[in-house]
>>> print(open('coords.json').read())   # JSON, C-alpha atoms
[["chain", "number", "residue", "atom", "x", "y", "z"],
["A", 83, "MET", "CA", 0.00, 0.00, 0.00],
["A", 84, "VAL", "CA", 1.16, 3.54, -0.70],
["A", 85, "LEU", "CA", 1.10, 5.85, 2.32],
["A", 86, "ALA", "CA", 2.10, 9.47, 2.83],
["A", 87, "ILE", "CA", 4.00, 10.81, 5.83],
["A", 88, "ARG", "CA", 3.65, 14.52, 6.54],
["A", 89, "GLY", "CA", 6.12, 16.70, 8.34],
["A", 90, "ALA", "CA", 6.93, 20.34, 8.88],
["A", 91, "THR", "CA", 9.40, 22.48, 10.75],
["A", 92, "THR", "CA", 10.60, 26.05, 10.90],
["A", 93, "SER", "CA", 14.08, 27.37, 10.30],
["A", 94, "ASP", "CA", 15.78, 29.82, 12.65],
["A", 95, "GLY", "CA", 17.09, 31.73, 9.64],
["A", 96, "ASN", "CA", 17.75, 31.76, 5.90],
["A", 97, "SER", "CA", 21.33, 30.49, 5.89],
["A", 98, "LEU", "CA", 22.50, 27.29, 4.20],
["A", 99, "GLN", "CA", 23.35, 25.81, 7.60],
["A", 100, "GLU", "CA", 20.05, 26.75, 9.27],
["A", 101, "ILE", "CA", 17.89, 25.38, 6.45],
["A", 102, "ASN", "CA", 19.93, 22.18, 6.19],
["A", 103, "GLU", "CA", 19.97, 21.68, 9.97],
["A", 104, "CYS", "CA", 16.21, 21.95, 10.50],
["A", 105, "THR", "CA", 15.43, 19.86, 7.40],
["A", 106, "CYS", "CA", 17.78, 17.09, 8.53],
["A", 107, "GLN", "CA", 16.33, 17.12, 12.04],
["A", 108, "MET", "CA", 12.80, 16.73, 10.64],
["A", 109, "MET", "CA", 13.76, 14.01, 8.15],
["A", 110, "LYS", "CA", 15.71, 12.00, 10.73],
["A", 111, "LYS", "CA", 12.72, 12.10, 13.09],
["A", 112, "ILE", "CA", 10.35, 11.00, 10.30],
["A", 113, "ILE", "CA", 12.67, 8.13, 9.39],
["A", 114, "GLU", "CA", 13.09, 7.01, 13.00],
["A", 115, "ALA", "CA", 9.43, 7.42, 14.02],
["A", 116, "ASN", "CA", 8.24, 5.40, 11.04],
["A", 117, "SER", "CA", 11.11, 2.88, 10.78],
["A", 118, "ILE", "CA", 11.69, 3.56, 7.09],
["A", 119, "ILE", "CA", 14.68, 3.01, 4.84],
["A", 120, "GLU", "CA", 15.33, 4.49, 1.42],
["A", 121, "ASP", "CA", 14.03, 1.38, -0.35],
["A", 122, "ASP", "CA", 10.60, 2.02, 1.25],
["A", 123, "VAL", "CA", 10.41, 5.54, -0.21],
["A", 124, "ILE", "CA", 8.66, 6.19, -3.52],
["A", 125, "SER", "CA", 9.27, 9.94, -3.63],
["A", 126, "ILE", "CA", 9.59, 13.07, -1.48],
["A", 127, "LEU", "CA", 7.98, 16.48, -1.99],
["A", 128, "PHE", "CA", 9.24, 19.55, -0.12],
["A", 129, "THR", "CA", 7.78, 23.02, 0.11],
["A", 130, "ALA", "CA", 9.41, 26.06, 1.67],
["A", 131, "THR", "CA", 8.08, 29.53, 2.32],
["A", 132, "ASN", "CA", 9.45, 32.25, 0.05],
["A", 133, "ASP", "CA", 11.66, 33.69, 2.82],
["A", 134, "LEU", "CA", 13.84, 30.54, 2.69],
["A", 135, "ASN", "CA", 15.72, 30.99, -0.57],
["A", 136, "GLN", "CA", 19.31, 29.99, 0.14],
["A", 137, "LEU", "CA", 19.04, 26.19, -0.10],
["A", 138, "TYR", "CA", 16.71, 23.50, -1.39],
["A", 139, "PRO", "CA", 15.50, 21.29, 1.48],
["A", 140, "SER", "CA", 16.32, 18.21, -0.61],
["A", 141, "VAL", "CA", 20.05, 18.89, -0.12],
["A", 142, "CYS", "CA", 19.82, 17.24, 3.30],
["A", 143, "VAL", "CA", 18.30, 14.07, 1.87],
["A", 144, "ARG", "CA", 20.85, 13.82, -0.94],
["A", 145, "GLU", "CA", 24.05, 14.96, 0.77],
["A", 146, "ILE", "CA", 23.56, 14.14, 4.46],
["A", 147, "LEU", "CA", 21.30, 11.07, 4.35],
["A", 148, "GLY", "CA", 22.82, 9.83, 1.08],
["A", 149, "TRP", "CA", 19.47, 9.00, -0.53],
["A", 150, "VAL", "CA", 20.48, 9.39, -4.17],
["A", 151, "ASN", "CA", 17.99, 6.94, -5.68],
["A", 152, "THR", "CA", 14.81, 8.66, -4.48],
["A", 153, "PRO", "CA", 12.93, 11.17, -6.67],
["A", 154, "ILE", "CA", 12.64, 14.50, -4.85],
["A", 155, "LEU", "CA", 10.98, 17.78, -5.82],
["A", 156, "ASN", "CA", 11.16, 21.19, -4.13],
["A", 157, "PHE", "CA", 8.37, 23.76, -4.40],
["A", 158, "GLU", "CA", 7.74, 27.24, -3.06],
["A", 159, "GLU", "CA", 4.85, 27.28, -0.59],
["A", 160, "LYS", "CA", 1.89, 29.40, -1.65],
["A", 161, "TYR", "CA", 1.98, 32.69, 0.23],
["A", 162, "ILE", "CA", -0.97, 33.18, 2.58],
["A", 163, "THR", "CA", -1.33, 36.35, 4.64],
["A", 164, "ASN", "CA", -0.35, 35.77, 8.29],
["A", 165, "SER", "CA", 0.88, 32.23, 7.64],
["A", 166, "ILE", "CA", 3.89, 30.68, 9.37],
["A", 167, "LYS", "CA", 7.22, 32.13, 8.21],
["A", 168, "SER", "CA", 10.43, 30.18, 7.54],
["A", 169, "CYS", "CA", 8.49, 26.95, 7.19],
["A", 170, "ILE", "CA", 9.59, 23.77, 5.45],
["A", 171, "ARG", "CA", 7.00, 21.07, 4.81],
["A", 172, "VAL", "CA", 7.48, 17.57, 3.48],
["A", 173, "MET", "CA", 5.39, 14.71, 2.18],
["A", 174, "VAL", "CA", 7.18, 11.38, 1.99],
["A", 175, "TYR", "CA", 5.42, 8.71, -0.08],
["A", 176, "ILE", "CA", 6.25, 5.16, 1.01],
["A", 177, "ASN", "CA", 5.40, 1.56, 0.21],
["A", 178, "SER", "CA", 4.28, -0.04, 3.45],
["A", 179, "THR", "CA", 2.13, -2.72, 5.02],
["A", 180, "LYS", "CA", 1.30, -0.35, 7.90],
["A", 181, "SER", "CA", -2.12, 1.20, 8.37],
["A", 182, "LYS", "CA", -2.69, 4.94, 7.97],
["A", 183, "LYS", "CA", -3.36, 5.19, 11.72],
["A", 184, "SER", "CA", 0.10, 3.83, 12.53],
["A", 185, "ILE", "CA", 1.95, 6.55, 10.58],
["A", 186, "ASN", "CA", 3.74, 9.13, 12.71],
["A", 187, "HIS", "CA", 3.60, 12.60, 11.19],
["A", 188, "ILE", "CA", 6.29, 14.95, 12.52],
["A", 189, "TYR", "CA", 5.72, 18.64, 13.28],
["A", 190, "LEU", "CA", 8.57, 20.51, 14.94],
["A", 191, "LYS", "CA", 9.29, 23.97, 16.32],
["A", 192, "GLY", "CA", 6.93, 26.70, 15.04],
["A", 193, "ALA", "CA", 5.25, 24.25, 12.64],
["A", 194, "LYS", "CA", 3.53, 22.49, 15.55],
["A", 195, "GLU", "CA", 0.83, 25.14, 15.12],
["A", 196, "LEU", "CA", -0.11, 23.63, 11.75],
["A", 197, "ARG", "CA", -1.44, 20.32, 13.09],
["A", 198, "ARG", "CA", -2.06, 20.41, 16.83],
["A", 199, "ASP", "CA", -4.41, 17.45, 16.32],
["A", 200, "LEU", "CA", -1.44, 15.23, 15.43],
["A", 201, "LEU", "CA", 0.73, 16.23, 18.38],
["A", 202, "SER", "CA", -1.17, 14.13, 20.92],
["A", 203, "LYS", "CA", -0.62, 10.92, 18.96]]
>>> encode(input="coords.json", output="structure tokens")
Amino acid sequence: MVLAIRGATTSDGNSLQEINECTCQMMKKIIEANSIIEDDVISILFTATNDLNQLYPSVCVREILGWVNTPILNFEEKYITNSIKSCIRVMVYINSTKSKKSINHIYLKGAKELRRDLLSK
């Protein structure tokens, strides 16, 4: 079955290091919380708000995690008035025998505001 894992975090700034650091933290937590390996992953989609323009979030997956065989796309998040700033979101599509209810979606830092309903899981 194909399942999607959602995640989001915020960056402390717009530097290469800050964007890479928060993206890697989020991705490592998603991987650990859902016990996935690269072979489980179909593809990954990232979005980032327009104030984060120094680095693609996918750099972490390619260069730090070493996942070079996974299709990844980066998009700019649609701007909405009063929305969360410096936000990186991800959707990881996986092949799995798990149920939807057993998936652990990860929301960190300022992005916890996006899905408070998932924080109690």
>>> closest_atom_pairs(input="coords.json", of="range 152-195 of chain A", to="range 117-124 of chain A", cutoff="12 Å", atoms="only C-alpha atoms", output="Markdown table")
| residue | atom | partner | partner_atom | distance |
| --- | --- | --- | --- | --- |
| A:Thr152 | CA | A:Ile124 | CA | 6.7 |
| A:Pro153 | CA | A:Ile124 | CA | 7.3 |
| A:Ile154 | CA | A:Ile124 | CA | 9.3 |
| A:Met173 | CA | A:Val123 | CA | 10.7 |
| A:Val174 | CA | A:Val123 | CA | 7.0 |
| A:Tyr175 | CA | A:Ile124 | CA | 5.4 |
| A:Ile176 | CA | A:Val123 | CA | 4.4 |
| A:Asn177 | CA | A:Asp122 | CA | 5.3 |
| A:Ser178 | CA | A:Asp122 | CA | 7.0 |
| A:Thr179 | CA | A:Asp122 | CA | 10.4 |
| A:Lys180 | CA | A:Ser117 | CA | 10.7 |
| A:Ser184 | CA | A:Ser117 | CA | 11.2 |
| A:Ile185 | CA | A:Ser117 | CA | 9.9 |
| A:Asn186 | CA | A:Ser117 | CA | 9.9 |
>>> closest_atom_pairs(input="coords.json", of="range 155-201 of chain A", to="range 96-112 of chain A", cutoff="10 Å", atoms="only C-alpha atoms", output="Markdown table")
| residue | atom | partner | partner_atom | distance |
| --- | --- | --- | --- | --- |
| A:Ser168 | CA | A:Asn96 | CA | 7.7 |
| A:Cys169 | CA | A:Ile101 | CA | 9.6 |
| A:Ile170 | CA | A:Thr105 | CA | 7.3 |
| A:Arg171 | CA | A:Thr105 | CA | 8.9 |
| A:Val172 | CA | A:Met109 | CA | 8.6 |
| A:Val174 | CA | A:Ile112 | CA | 8.9 |
| A:Ile185 | CA | A:Ile112 | CA | 9.5 |
| A:Asn186 | CA | A:Ile112 | CA | 7.3 |
| A:His187 | CA | A:Ile112 | CA | 7.0 |
| A:Ile188 | CA | A:Ile112 | CA | 6.1 |
| A:Tyr189 | CA | A:Met108 | CA | 7.8 |
| A:Leu190 | CA | A:Met108 | CA | 7.1 |
| A:Lys191 | CA | A:Cys104 | CA | 9.3 |
>>> residues_around(input="coords.json", residues="Tyr161 in chain A", least_positions_apart="3", cutoff="8 Å", atoms="all atoms listed in the file", output="ChimeraX atom specification")
/A:131-132,165
>>> residues_around(input="coords.json", residues="range 156-158 of chain A", least_positions_apart="6", cutoff="6 Å", atoms="all atoms listed in the file", output="ChimeraX atom specification")
/A:128-131
>>> atom_distance(input="coords.json", atom1="CA of Asp199 in chain A", atom2="CA of Leu155 in chain A")
27.0 Å
>>> atom_distance(input="coords.json", atom1="CA of Thr163 in chain A", atom2="CA of Leu196 in chain A")
14.6 Å
>>> axis_aligned_box(input="coords.json", around="range 127-142 of chain A", padding_each_side="5 Å", output="JSON")
{"center_x": 13.9, "center_y": 25.1, "center_z": 0.7, "size_x": 22.3, "size_y": 27.2, "size_z": 15.3}
>>> atom_distance(input="coords.json", atom1="CA of Gly148 in chain A", atom2="CA of Asp94 in chain A")
24.1 Å
>>> closest_residue(input="coords.json", among="A:Leu127, A:Val143, A:Leu85, A:Ala90", to="Gly192 in chain A", atoms="all atoms listed in the file")
A:Ala90
>>> closest_residue(input="coords.json", among="A:Ile113, A:Arg197, A:Glu159, A:Ser181", to="Met83 in chain A", atoms="all atoms listed in the file")
A:Ser181
>>> closest_residue(input="coords.json", among="A:Glu195, A:Val84, A:Lys182, A:Lys160", to="Asp133 in chain A", atoms="all atoms listed in the file")
A:Lys160
>>> build_atoms(input="coords.json", residues="range 95-113 of chain A", atoms="N, CA and C atoms", output="compact mmCIF listing (two decimals), keeping the file's coordinate frame")
# COMPACT_ATOMS: atom_id res chain seq x y z
N GLY A 95 16.59 30.69 10.53
CA GLY A 95 17.09 31.73 9.64
C GLY A 95 17.17 31.22 8.22
N ASN A 96 17.71 32.06 7.33
CA ASN A 96 17.75 31.76 5.90
C ASN A 96 19.15 31.35 5.42
N SER A 97 19.99 30.90 6.31
CA SER A 97 21.33 30.49 5.89
C SER A 97 21.33 29.04 5.43
N LEU A 98 22.35 28.68 4.66
CA LEU A 98 22.50 27.29 4.20
C LEU A 98 22.48 26.34 5.39
N GLN A 99 23.24 26.68 6.43
CA GLN A 99 23.35 25.81 7.60
C GLN A 99 22.01 25.68 8.33
N GLU A 100 21.31 26.79 8.52
CA GLU A 100 20.05 26.75 9.27
C GLU A 100 18.98 25.94 8.54
N ILE A 101 18.88 26.12 7.24
CA ILE A 101 17.89 25.38 6.45
C ILE A 101 18.24 23.89 6.44
N ASN A 102 19.49 23.58 6.23
CA ASN A 102 19.93 22.18 6.19
C ASN A 102 19.73 21.51 7.55
N GLU A 103 20.06 22.22 8.61
CA GLU A 103 19.97 21.68 9.97
C GLU A 103 18.52 21.31 10.33
N CYS A 104 17.60 22.24 10.11
CA CYS A 104 16.21 21.95 10.50
C CYS A 104 15.59 20.89 9.59
N THR A 105 15.95 20.89 8.31
CA THR A 105 15.43 19.86 7.40
C THR A 105 15.94 18.48 7.81
N CYS A 106 17.21 18.38 8.12
CA CYS A 106 17.78 17.09 8.53
C CYS A 106 17.17 16.60 9.83
N GLN A 107 16.95 17.51 10.77
CA GLN A 107 16.33 17.12 12.04
C GLN A 107 14.94 16.53 11.78
N MET A 108 14.15 17.21 10.96
CA MET A 108 12.80 16.73 10.64
C MET A 108 12.85 15.37 9.93
N MET A 109 13.70 15.26 8.91
CA MET A 109 13.76 14.01 8.15
C MET A 109 14.25 12.85 9.00
N LYS A 110 15.22 13.07 9.85
CA LYS A 110 15.71 12.00 10.73
C LYS A 110 14.62 11.54 11.68
N LYS A 111 13.82 12.47 12.19
CA LYS A 111 12.72 12.10 13.09
C LYS A 111 11.63 11.33 12.34
N ILE A 112 11.34 11.73 11.11
CA ILE A 112 10.35 11.00 10.30
C ILE A 112 10.83 9.57 10.05
N ILE A 113 12.09 9.44 9.67
CA ILE A 113 12.67 8.13 9.39
C ILE A 113 12.64 7.24 10.63
